[in-house]
Structure formats: C-alpha cells, structure tokens
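As provided, coords-v2.cif (mmCIF, C-alpha atoms) reads as follows.
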```cif
data_entry
loop_
_atom_site.label_atom_id
_atom_site.label_comp_id
_atom_site.auth_asym_id
_atom_site.auth_seq_id
_atom_site.Cartn_x
_atom_site.Cartn_y
_atom_site.Cartn_z
CA ALA X 212 87.72 90.63 152.07
CA GLY X 213 91.42 89.92 151.80
CA ALA X 214 91.06 88.67 148.24
CA ALA X 215 89.07 91.67 147.06
CA PRO X 216 91.95 94.20 146.94
CA ALA X 217 94.19 91.70 145.13
CA TYR X 218 91.45 91.13 142.56
CA SER X 219 90.96 94.87 142.07
CA GLU X 220 94.71 95.40 141.73
CA GLU X 221 94.94 92.65 139.14
CA LYS X 222 92.07 94.04 137.13
CA GLY X 223 93.11 97.61 137.62
CA GLY X 224 96.83 97.21 137.04
CA SER X 225 96.61 98.83 133.65
CA SER X 226 93.38 100.77 134.20
CA SER X 227 95.31 103.04 136.56
CA LEU X 228 97.05 104.20 133.41
CA GLY X 229 93.74 105.12 131.85
CA GLU X 230 93.26 101.90 129.92
CA PRO X 231 89.80 101.68 128.34
CA GLU X 232 87.64 98.66 129.06
CA TYR X 233 88.23 95.50 127.03
CA GLY X 234 86.42 95.70 123.71
CA HIS X 235 86.39 99.52 123.75
CA ASP X 236 87.94 101.11 120.67
CA PRO X 237 90.67 103.47 121.87
CA ALA X 238 90.77 105.19 118.49
CA SER X 239 87.15 106.27 118.66
CA GLY X 240 85.77 108.81 121.08
CA GLY X 241 82.91 111.14 121.68
CA ILE X 242 82.89 114.90 121.08
CA PHE X 243 84.20 115.62 124.58
CA SER X 244 86.95 112.97 124.67
CA SER X 245 90.55 114.18 124.73
CA ASP X 246 92.87 112.39 122.31
CA TYR X 247 95.98 113.83 123.89
CA LYS X 248 95.08 112.23 127.20
CA ARG X 249 94.61 108.83 125.65
CA HIS X 250 97.96 109.19 123.90
CA ASP X 251 99.56 110.13 127.19
CA ASP X 252 98.27 106.87 128.61
CA LEU X 253 99.78 104.96 125.70
CA LYS X 254 103.10 106.76 126.17
CA GLU X 255 103.05 105.79 129.85
CA MET X 256 102.41 102.16 128.92
CA LEU X 257 105.26 102.24 126.39
CA ASP X 258 107.63 103.61 129.05
CA SER X 259 106.64 100.84 131.47
CA ASN X 260 109.04 98.05 132.41
CA LYS X 261 106.36 95.43 131.79
CA ASP X 262 106.37 93.82 128.34
CA SER X 263 102.67 93.01 128.70
CA LEU X 264 101.81 96.74 128.95
CA LYS X 265 104.08 97.59 126.05
CA LEU X 266 102.48 94.87 123.95
CA GLU X 267 98.97 96.10 124.81
CA ALA X 268 99.94 99.67 123.93
CA MET X 269 101.41 98.63 120.58
CA LYS X 270 98.32 96.57 119.74
CA ARG X 271 96.15 99.62 120.34
CA ILE X 272 98.43 101.89 118.33
CA VAL X 273 98.45 99.50 115.36
CA ALA X 274 94.65 99.27 115.67
CA MET X 275 94.48 103.07 115.51
CA ILE X 276 96.57 103.09 112.34
CA ALA X 277 94.38 100.37 110.81
CA ARG X 278 91.33 102.57 111.44
CA GLY X 279 92.97 105.52 109.71
CA LYS X 280 93.76 107.48 112.86
CA ASN X 281 96.90 109.58 113.10
CA ALA X 282 99.40 108.15 115.59
CA SER X 283 102.49 110.03 114.40
CA ASP X 284 102.87 111.95 117.71
CA LEU X 285 103.68 108.63 119.40
CA PHE X 286 106.81 108.12 117.25
CA PRO X 287 109.39 109.08 119.93
CA ALA X 288 107.74 106.79 122.51
CA VAL X 289 107.47 103.89 120.06
CA VAL X 290 110.94 104.13 118.51
CA LYS X 291 112.55 103.73 121.95
CA ASN X 292 111.11 100.21 122.08
CA VAL X 293 112.76 99.06 118.88
CA ALA X 294 115.46 97.49 121.05
CA CYS X 295 112.90 95.67 123.22
CA LYS X 296 113.79 92.03 123.80
CA ASN X 297 110.19 90.84 123.53
CA ILE X 298 109.80 89.59 119.96
CA GLU X 299 106.06 90.36 119.77
CA VAL X 300 106.57 93.96 120.86
CA LYS X 301 109.45 94.37 118.44
CA LYS X 302 107.36 93.11 115.50
CA LEU X 303 104.61 95.64 116.20
CA VAL X 304 107.15 98.44 116.69
CA TYR X 305 108.52 97.73 113.21
CA VAL X 306 104.99 97.69 111.77
CA TYR X 307 104.52 101.18 113.21
CA LEU X 308 107.94 102.40 112.03
CA VAL X 309 107.36 101.23 108.45
CA ARG X 310 104.23 103.39 108.44
CA TYR X 311 105.77 106.56 109.90
CA ALA X 312 109.53 106.41 109.16
CA GLU X 313 109.11 108.50 106.01
CA GLU X 314 107.16 111.22 107.86
CA GLN X 315 109.44 111.35 110.92
CA GLN X 316 112.79 111.07 109.17
CA ASP X 317 114.84 113.03 111.71
CA LEU X 318 113.71 110.86 114.62
CA ALA X 319 114.14 107.69 112.54
CA LEU X 320 117.73 108.68 111.73
CA LEU X 321 118.52 108.83 115.45
CA SER X 322 117.68 105.13 115.71
CA ILE X 323 119.47 104.04 112.54
CA SER X 324 122.13 102.10 114.47
CA THR X 325 119.33 100.08 116.10
CA PHE X 326 117.86 99.27 112.68
CA GLN X 327 121.30 98.16 111.51
CA ARG X 328 121.51 95.81 114.49
CA GLY X 329 118.05 94.55 113.56
CA LEU X 330 119.49 93.43 110.21
CA LYS X 331 121.58 90.87 112.15
CA ASP X 332 118.69 89.63 114.32
CA PRO X 333 118.23 85.82 114.47
CA ASN X 334 114.52 86.22 113.61
CA GLN X 335 113.89 86.56 109.87
CA LEU X 336 110.82 88.77 110.41
CA ILE X 337 112.89 91.28 112.39
CA ARG X 338 115.65 91.31 109.74
CA ALA X 339 113.08 91.91 107.01
CA SER X 340 111.27 94.58 109.04
CA ALA X 341 114.52 96.41 109.80
CA LEU X 342 115.34 96.53 106.08
CA ARG X 343 111.80 97.70 105.30
CA VAL X 344 112.13 100.57 107.79
CA LEU X 345 115.58 101.52 106.46
CA SER X 346 114.27 101.67 102.89
CA SER X 347 111.35 103.82 104.08
CA ILE X 348 113.67 106.58 105.34
CA ARG X 349 113.91 108.80 102.24
CA VAL X 350 117.13 110.63 103.10
CA PRO X 351 120.02 110.65 100.56
CA ILE X 352 122.62 110.59 103.35
CA ILE X 353 121.82 106.94 104.21
CA VAL X 354 121.99 105.64 100.62
CA PRO X 355 125.32 103.80 101.25
CA ILE X 356 123.85 102.14 104.36
CA MET X 357 120.75 101.09 102.41
CA MET X 358 122.86 99.71 99.57
CA LEU X 359 124.96 97.63 101.95
CA ALA X 360 121.82 96.38 103.73
CA ILE X 361 120.19 95.35 100.42
CA LYS X 362 123.33 93.50 99.28
CA GLU X 363 123.52 91.60 102.55
CA ALA X 364 119.79 90.81 102.54
CA ALA X 365 120.05 89.50 98.95
CA SER X 366 122.37 86.78 100.29
CA ASP X 367 120.25 86.01 103.37
CA MET X 368 119.33 82.41 104.13
CA SER X 369 115.64 83.35 104.43
CA PRO X 370 113.66 83.76 101.18
CA TYR X 371 111.38 86.22 103.01
CA VAL X 372 114.34 88.54 103.68
CA ARG X 373 115.51 88.19 100.06
CA LYS X 374 112.00 89.10 98.92
CA THR X 375 112.14 92.22 101.12
CA ALA X 376 115.51 93.09 99.56
CA ALA X 377 113.89 92.91 96.12
CA HIS X 378 111.12 95.28 97.32
CA ALA X 379 113.74 97.71 98.64
CA ILE X 380 115.56 97.95 95.29
CA PRO X 381 113.02 100.24 93.50
CA LYS X 382 112.83 102.44 96.63
CA LEU X 383 116.58 102.99 96.61
CA TYR X 384 116.59 103.53 92.85
CA SER X 385 113.92 106.25 93.14
CA LEU X 386 115.99 107.92 95.88
CA ASP X 387 119.30 107.78 93.99
CA SER X 388 119.31 106.62 90.35
CA ASP X 389 123.14 106.77 90.30
CA GLN X 390 123.11 103.45 92.15
CA LYS X 391 121.62 101.71 89.09
CA ASP X 392 124.71 99.65 88.18
CA GLN X 393 125.08 98.23 91.69
CA LEU X 394 121.35 97.54 91.91
CA ILE X 395 121.45 95.67 88.58
CA GLU X 396 124.10 93.36 90.09
CA VAL X 397 121.76 92.62 93.00
CA ILE X 398 118.82 92.07 90.61
CA GLU X 399 120.95 89.66 88.56
CA LYS X 400 121.77 87.72 91.72
CA LEU X 401 118.13 87.58 92.87
CA LEU X 402 116.89 86.57 89.41
CA ALA X 403 118.90 83.39 89.86
CA ASP X 404 116.94 82.63 93.08
CA LYS X 405 114.99 79.39 92.81
CA THR X 406 112.25 80.16 95.34
CA THR X 407 108.74 81.20 94.31
CA LEU X 408 108.60 83.76 97.14
CA VAL X 409 111.35 85.89 95.56
CA ALA X 410 110.50 85.49 91.85
CA GLY X 411 107.61 87.96 91.57
CA SER X 412 109.33 90.64 93.67
CA VAL X 413 112.63 90.55 91.78
CA VAL X 414 110.89 90.69 88.38
CA MET X 415 109.00 93.74 89.62
CA ALA X 416 112.32 95.33 90.63
CA PHE X 417 113.77 94.40 87.21
CA GLU X 418 110.84 96.05 85.40
CA GLU X 419 111.23 99.26 87.41
CA VAL X 420 115.02 99.59 87.39
CA CYS X 421 116.33 98.06 84.16
CA PRO X 422 113.56 96.77 81.83
CA GLU X 423 115.89 97.25 78.85
CA ARG X 424 118.39 94.66 80.21
CA ILE X 425 116.59 91.75 78.55
CA ASP X 426 119.90 89.82 78.56
CA LEU X 427 119.42 89.23 82.32
CA ILE X 428 116.33 87.14 81.55
CA HIS X 429 117.92 84.77 79.00
CA LYS X 430 119.49 82.34 81.47
CA ASN X 431 116.54 82.55 83.89
CA TYR X 432 113.75 82.24 81.31
CA ARG X 433 112.97 78.51 81.71
CA LYS X 434 113.19 78.70 85.50
CA LEU X 435 110.68 81.59 85.58
CA CYS X 436 108.33 79.66 83.26
CA ASN X 437 108.46 76.61 85.53
CA LEU X 438 108.08 78.56 88.79
CA LEU X 439 105.18 80.63 87.46
CA ILE X 440 102.35 78.30 88.52
CA ASP X 441 103.44 78.42 92.20
CA VAL X 442 104.16 82.15 92.50
CA GLU X 443 101.63 84.30 94.41
CA GLU X 444 98.97 85.91 92.23
CA TRP X 445 100.29 89.45 91.89
CA GLY X 446 103.76 88.11 91.25
CA GLN X 447 102.26 86.01 88.46
CA VAL X 448 100.81 89.14 86.82
CA VAL X 449 104.20 90.89 86.84
CA ILE X 450 106.08 87.84 85.54
CA ILE X 451 103.53 87.09 82.78
CA ASN X 452 103.62 90.69 81.53
CA MET X 453 107.42 90.66 81.51
CA LEU X 454 107.56 87.28 79.72
CA THR X 455 105.05 88.53 77.14
CA ARG X 456 107.34 91.46 76.36
CA TYR X 457 110.37 89.15 76.32
CA ALA X 458 108.78 86.55 74.03
CA ARG X 459 107.50 89.15 71.54
CA THR X 460 111.08 90.38 71.06
CA GLN X 461 112.88 87.01 71.17
CA PHE X 462 110.61 84.56 69.29
CA LEU X 463 109.15 84.54 65.80
CA SER X 464 105.46 85.27 65.49
CA PRO X 465 103.54 82.00 65.01
CA ASN X 466 101.15 83.85 62.68
CA GLN X 467 103.83 85.43 60.48
CA ASN X 468 102.89 83.48 57.35
CA GLU X 469 99.24 84.24 57.97
CA SER X 470 99.97 87.98 58.11
CA LEU X 471 101.82 87.74 54.78
CA LEU X 472 98.81 86.06 53.21
CA GLU X 473 96.52 88.73 54.61
CA GLU X 474 98.72 91.47 53.21
CA SER X 475 98.83 89.83 49.76
CA ALA X 476 95.04 89.64 49.73
CA GLU X 477 94.71 93.41 50.17
CA LYS X 478 95.18 95.19 46.85
CA ALA X 479 95.36 98.89 46.20
CA PHE X 480 92.09 100.40 45.01
CA TYR X 481 93.86 102.43 42.34
CA GLY X 482 96.53 100.61 40.34
CA SER X 483 97.32 99.36 36.89
CA ASP X 484 97.09 95.72 35.84
CA GLU X 485 100.85 95.67 35.19
CA GLU X 486 101.65 96.87 38.70
CA ASP X 487 99.24 94.32 40.15
CA ALA X 488 100.88 91.56 38.16
CA LYS X 489 104.37 92.60 39.34
CA ASP X 490 103.22 92.82 42.97
CA ALA X 491 101.56 89.40 42.73
CA LYS X 492 104.78 87.84 41.41
CA ALA X 493 106.89 89.48 44.12
CA GLU X 494 104.50 88.35 46.86
CA ALA X 495 104.36 84.82 45.46
CA ALA X 496 108.17 84.70 45.46
CA SER X 497 108.36 85.92 49.06
CA LEU X 498 105.83 83.29 50.17
CA VAL X 499 107.81 80.54 48.43
CA LYS X 500 110.99 81.67 50.17
CA CYS X 501 109.21 81.60 53.55
CA LYS X 502 110.10 78.46 55.47
CA PRO X 503 107.25 76.64 57.23
CA TYR X 504 106.95 77.91 60.81
CA VAL X 505 108.26 75.65 63.57
CA MET X 506 107.62 76.86 67.11
CA ASP X 507 110.63 77.23 69.37
CA PRO X 508 110.48 74.77 72.34
CA ASP X 509 110.93 77.68 74.78
CA HIS X 510 108.01 79.49 73.14
CA ARG X 511 105.89 76.36 73.57
CA LEU X 512 107.05 76.06 77.21
CA LEU X 513 105.68 79.53 77.96
CA LEU X 514 102.30 78.81 76.35
CA ARG X 515 102.03 75.43 78.08
CA ASN X 516 102.88 76.77 81.56
CA THR X 517 100.60 79.79 81.39
CA LYS X 518 97.50 78.00 80.05
CA PRO X 519 96.40 76.58 83.47
CA LEU X 520 96.39 80.12 84.86
CA LEU X 521 93.34 80.92 82.73
CA GLN X 522 91.46 79.16 85.56
CA SER X 523 92.90 81.55 88.18
CA ARG X 524 90.51 83.20 90.63
CA ASN X 525 92.39 86.47 90.13
CA ALA X 526 90.99 88.47 87.20
CA ALA X 527 94.32 90.26 86.65
CA VAL X 528 96.12 86.93 86.16
CA VAL X 529 93.50 85.76 83.64
CA MET X 530 93.77 89.07 81.75
CA ALA X 531 97.58 88.82 81.67
CA VAL X 532 97.46 85.26 80.27
CA ALA X 533 94.81 86.30 77.73
CA GLN X 534 97.06 89.12 76.56
CA LEU X 535 100.01 86.72 76.29
CA TYR X 536 98.02 84.20 74.24
CA PHE X 537 96.58 86.91 72.01
CA HIS X 538 100.08 88.09 71.04
CA LEU X 539 102.05 84.84 71.12
CA ALA X 540 99.78 81.84 70.44
CA PRO X 541 99.09 80.37 66.99
CA LYS X 542 95.70 81.38 65.59
CA ALA X 543 94.28 77.89 66.18
CA GLU X 544 95.05 78.09 69.94
CA VAL X 545 93.94 81.65 70.71
CA GLY X 546 90.31 80.54 71.10
CA VAL X 547 90.95 79.16 74.61
CA ILE X 548 91.12 82.68 76.04
CA ALA X 549 87.55 83.50 74.93
CA LYS X 550 85.96 81.15 77.47
CA ALA X 551 88.18 82.48 80.30
CA LEU X 552 87.34 86.11 79.50
CA VAL X 553 83.62 85.36 79.27
CA ARG X 554 83.86 83.81 82.76
CA LEU X 555 85.14 87.15 84.07
CA LEU X 556 81.99 88.86 82.81
CA ARG X 557 80.18 87.36 85.82
CA SER X 558 82.41 89.40 88.12
CA HIS X 559 82.05 92.97 89.47
CA SER X 560 81.16 95.79 87.09
CA GLU X 561 84.70 97.25 87.31
CA VAL X 562 86.19 93.94 86.15
CA GLN X 563 83.51 93.62 83.45
CA TYR X 564 84.42 97.05 82.08
CA VAL X 565 88.14 96.21 81.74
CA VAL X 566 87.38 92.79 80.22
CA LEU X 567 84.92 94.23 77.68
CA GLN X 568 87.46 96.88 76.66
CA ASN X 569 90.00 94.15 75.94
CA VAL X 570 87.43 91.91 74.24
CA ALA X 571 86.47 94.76 71.91
CA THR X 572 90.15 95.33 71.00
CA MET X 573 90.77 91.61 70.41
CA SER X 574 87.65 91.29 68.24
CA ILE X 575 88.94 93.95 65.85
CA LYS X 576 91.92 91.76 64.93
CA ARG X 577 90.29 88.33 65.37
CA ARG X 578 86.75 88.84 64.20
CA GLY X 579 84.28 86.26 65.42
CA MET X 580 86.48 84.90 68.22
CA PHE X 581 83.68 85.44 70.75
CA GLU X 582 80.79 84.28 68.49
CA PRO X 583 80.12 81.05 70.47
CA TYR X 584 79.58 83.12 73.63
CA LEU X 585 77.30 85.78 72.19
CA LYS X 586 74.63 85.22 74.86
CA SER X 587 77.10 86.39 77.51
CA PHE X 588 77.09 89.82 75.86
CA TYR X 589 73.34 90.32 76.11
CA ILE X 590 72.52 93.61 77.76
CA ARG X 591 70.87 93.50 81.18
CA SER X 592 68.72 96.28 82.60
CA THR X 593 70.98 96.40 85.67
CA ASP X 594 74.16 97.00 83.63
CA PRO X 595 75.81 100.44 84.01
CA THR X 596 75.65 102.63 80.88
CA GLN X 597 79.34 102.23 79.99
CA ILE X 598 79.04 98.42 80.09
CA LYS X 599 75.93 98.53 77.90
CA ILE X 600 77.83 100.61 75.31
CA LEU X 601 80.76 98.17 75.33
CA LYS X 602 78.44 95.16 74.96
CA VAL X 603 76.76 96.77 71.95
CA SER X 604 80.15 97.46 70.35
CA GLN X 605 81.22 93.86 71.02
CA LYS X 606 78.11 92.52 69.29
CA SER X 607 78.85 94.62 66.24
CA LEU X 608 82.34 93.10 66.10
CA ALA X 609 81.31 89.51 66.80
CA GLY X 610 80.16 88.82 63.26
CA PRO X 611 77.23 89.27 60.90
CA PHE X 612 74.12 88.61 63.00
CA PRO X 613 70.99 89.87 61.22
CA TRP X 614 68.83 89.66 64.33
CA LEU X 615 70.88 92.30 66.22
#
```

Write the structure described by the file as structure tokens, please.
Amino acid sequence: AGAAPAYSEEKGGSSSLGEPEYGHDPASGGIFSSDYKRHDDLKEMLDSNKDSLKLEAMKRIVAMIARGKNASDLFPAVVKNVACKNIEVKKLVYVYLVRYAEEQQDLALLSISTFQRGLKDPNQLIRASALRVLSSIRVPIIVPIMMLAIKEAASDMSPYVRKTAAHAIPKLYSLDSDQKDQLIEVIEKLLADKTTLVAGSVVMAFEEVCPERIDLIHKNYRKLCNLLIDVEEWGQVVIINMLTRYARTQFLSPNQNESLLEESAEKAFYGSDEEDAKDAKAEAASLVKCKPYVMDPDHRLLLRNTKPLLQSRNAAVVMAVAQLYFHLAPKAEVGVIAKALVRLLRSHSEVQYVVLQNVATMSIKRRGMFEPYLKSFYIRSTDPTQIKILKVSQKSLAGPFPWL
C-alpha cells in the first residue's frame, strides 16, 4: 500500500498537467475537445523547472507542426526556453523558432540578443540554428546584425555552419539588395571552400545573388568538377546547371565544324547560279581556315566527371547531366544520355512527362538519337493522355518507320 501512491505520483507527475496518454496524438481531438486547454497544459510544461517536462512539451509542439497544426500562439512560451541549458530542448526550440520567427517578428526581436549568443555556442547545431532563426526574421532593422553573423559563420570551423551561412545569403539579399557587394565577398570566400557539404549551397547562393559574376568561378572550376560526385543530390543539380552555363560561354563548341557543314549544305531555294558559286567558294574558304577542333582539358574534365551521374537515382540529376551532354559533348558521345533518359521512363508519370518533353526537344536537333530504344516509347493503355501525345510525337521524330 505504501508503494502505490509513489507509483501513482511517478506515473501522474505530468498527467496532473493534463498530459495525454502515451501514444495519444495531442494535435488531434474530437469535436468537443478544447485546443486552448491543451495549449495551456503545454505552456505550463514549458514554464516548469524540469527539463524532462520541457523536452516532452517541445516534442509535442514539433509533432503538431509536422501534422500541419497551428502552434503560433505558443511562441512567447517557447522563445523563453531558447536560453535553456539542456541541449535537446534548445535544438527543438530552434526548430520551432525557424518555423515561426517570420510570423512573430516582434516577439523574435525581443530575443535577438539570445540568438546572437547562440552564434557563439560550442555546439555547431545551435550555432547553425541561431543563424537560421536570425535570417528568418524579415525586418530591415537587423540587416547589419545578419550581415555580421553571416560573415562570422562563413569562417566557422564547422562545414555545417558554413553551409547555413550560404543558405542565409539569398535571404539577406532578398531583404536588402544594397548588401550585394558585401555578400559577393562572402560568396567568393565560400566558393573556395573544399568541403562537399558547402559546395552546393554556395553555388545556389551565387546563382541567386550574382550569376553574372562568372569570373568568381574561374579559379574554382576544377575543384567544383572534382567535388561534384560527392555532393548531395540537389546540390549536384545546382552545380551541374551552373557549370553547363559556364562551359557554354567559356569553351568552344565541339560540334562547331559540324554546324558549318550543315549550314553549307542548306542552299536558298531562290538564287542564281552565280550567287551559289560565290557562296560555295566563300564557304569552302571558311572551312579551310577552320582549324581542327581540339577539346580543352577542362572541358573534358567536366564531361568525364559528370558521366557517372547518369546512373544517379535522382531523376533531376540525370536530367541535368543529359542537358549538359546535349549542349557540350561531341556528337559521337551524346548517345550515352539516351539510355539514361529511357531508364527514367520507368518512373512516375510526372517524371515521364518531363523526360518526354526533353526527349522530344532533343530529337528535333539530333534526329534518330532514340531509335535504338523505340520500344520504350510504345503507348500503354494505362498512360495518361498527355504522355500518350508526347510518345506519339517522339515516334514521329525518331526516324522513318513505315510501320508506325
């Protein structure tokens, strides 16, 4: 009998605050449940001196957010715990603040000194989270604080914090475009970073803030090519698209001579024999003057390092590499993308639609490139109408097939 009360106290320590049973979803409730009461319970737990209660409350609040429930009224109770010494509580508080800092700007501004202290925290996750919250407060008055925080984070020992700094750059730029020159300095510094974690994020910042500053890529080009294979998938997409744009402006087209031959083959429908003879001589002279094409080693480096990514599980990466090869590879090497694109046709209908759109565009310029894989373009009864239309158009571009 003596042990019974102790057991009930232990089990009911938090239930006295209205805690639902374990496994019960606090975010869901029947028609007659009162949300405000549940939130009052959470506020009481957040005001408690026990870290275990605070942690439980934050877990439930984050679960509510994950389920799409509105937890913005808890902001004042949550933001007080940003200075909590328990690292697990602090992490979840920052997760909440990143979500609601933009909506509750006035309250977030009251805690800005705490966020600034968070930038000096020994834990890299806290430093990164503090910067993420700061960059989520869309108030022009804190632009200088944000700029200073980004500059410091760009020199942080942790690549995760430097990555977060790169993510914060476009946010600050959209808030105050007058900071562009200072942000370009930070981008230049981060572009020199040798870690794969930072590469994709800083290239994304570069593309949003200063895509015209192609000179910033020159000295980092080979490093980006070599890091590419180890960068996370969405970073790969951004880097490949940027390098495609870079290479198209910096290297000679490997099919330049071929395009000259194609142009010389096309004659005007109306024209005199004399004019034709003059044009033929001029074209012959220009072809003679043309030096044989020799591919730049850096151009070859890009093609060589992107080719393995045609096997990527991410359809966006495969599409980006296919686009790069289509524009930059010699005609004899472009065929490798056909097999990779056909593989994507086994994916979801949304992916199929995008792939077929690109295949149709590619087939206009390189007729017959997909001929060996014609069976993959057969129409199935289960195909959506738009995909059927695209498959029919692809067959008409694949080449002369009398049985179609």

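In this structure, atom CA of Pro355 of chain X sits 27.9 Å away from atom CA of Lys296 of chain X.
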
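Candidate residues X:Leu514, X:Leu336, X:Ala377, X:Ala364 were compared for distance to Glu544 of chain X, and the nearest is X:Leu514, using all atoms listed in the file.
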
* Which residue gives the smallest distance to Phe588 of chain X among X:Lys576, X:His559, X:Lys602, X:Arg278, with only C-alpha atoms counted? -> X:Lys602

* When distances are computed from all atoms listed in the file, which of X:Arg456, X:His250, X:Lys405, X:Arg433 shows the smallest separation from Met275 of chain X? -> X:His250

* To do: Go through the shown structure with the PyMOL selection byres ((chain X and resi 324) around 12) and write out the matching residues as a PyMOL selection string.
  => chain X and resi 293-294+319-323+325-331+341+345+353+356

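The space between atom CA of Val413 of chain X and atom CA of Ile398 of chain X spans 6.5 Å.
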
* Any chance you could resolve the PyMOL selection byres ((chain X and resi 536) around 10) against this file and give the residues as a count of residues only? => 22

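The coordinates place atom CA of Val304 of chain X at 13.6 Å from atom CA of Met256 of chain X.
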
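Selection check: the PyMOL selection byres ((chain X and resi 379) around 9) on the shown file gives Leu342, Arg343, Leu345, Ser346, Ser347, Met357, Ile361, Lys374, Thr375, Ala376, Ala377, His378, Ile380, Pro381, Lys382, Leu383, Tyr384 and Ala416 of chain X.
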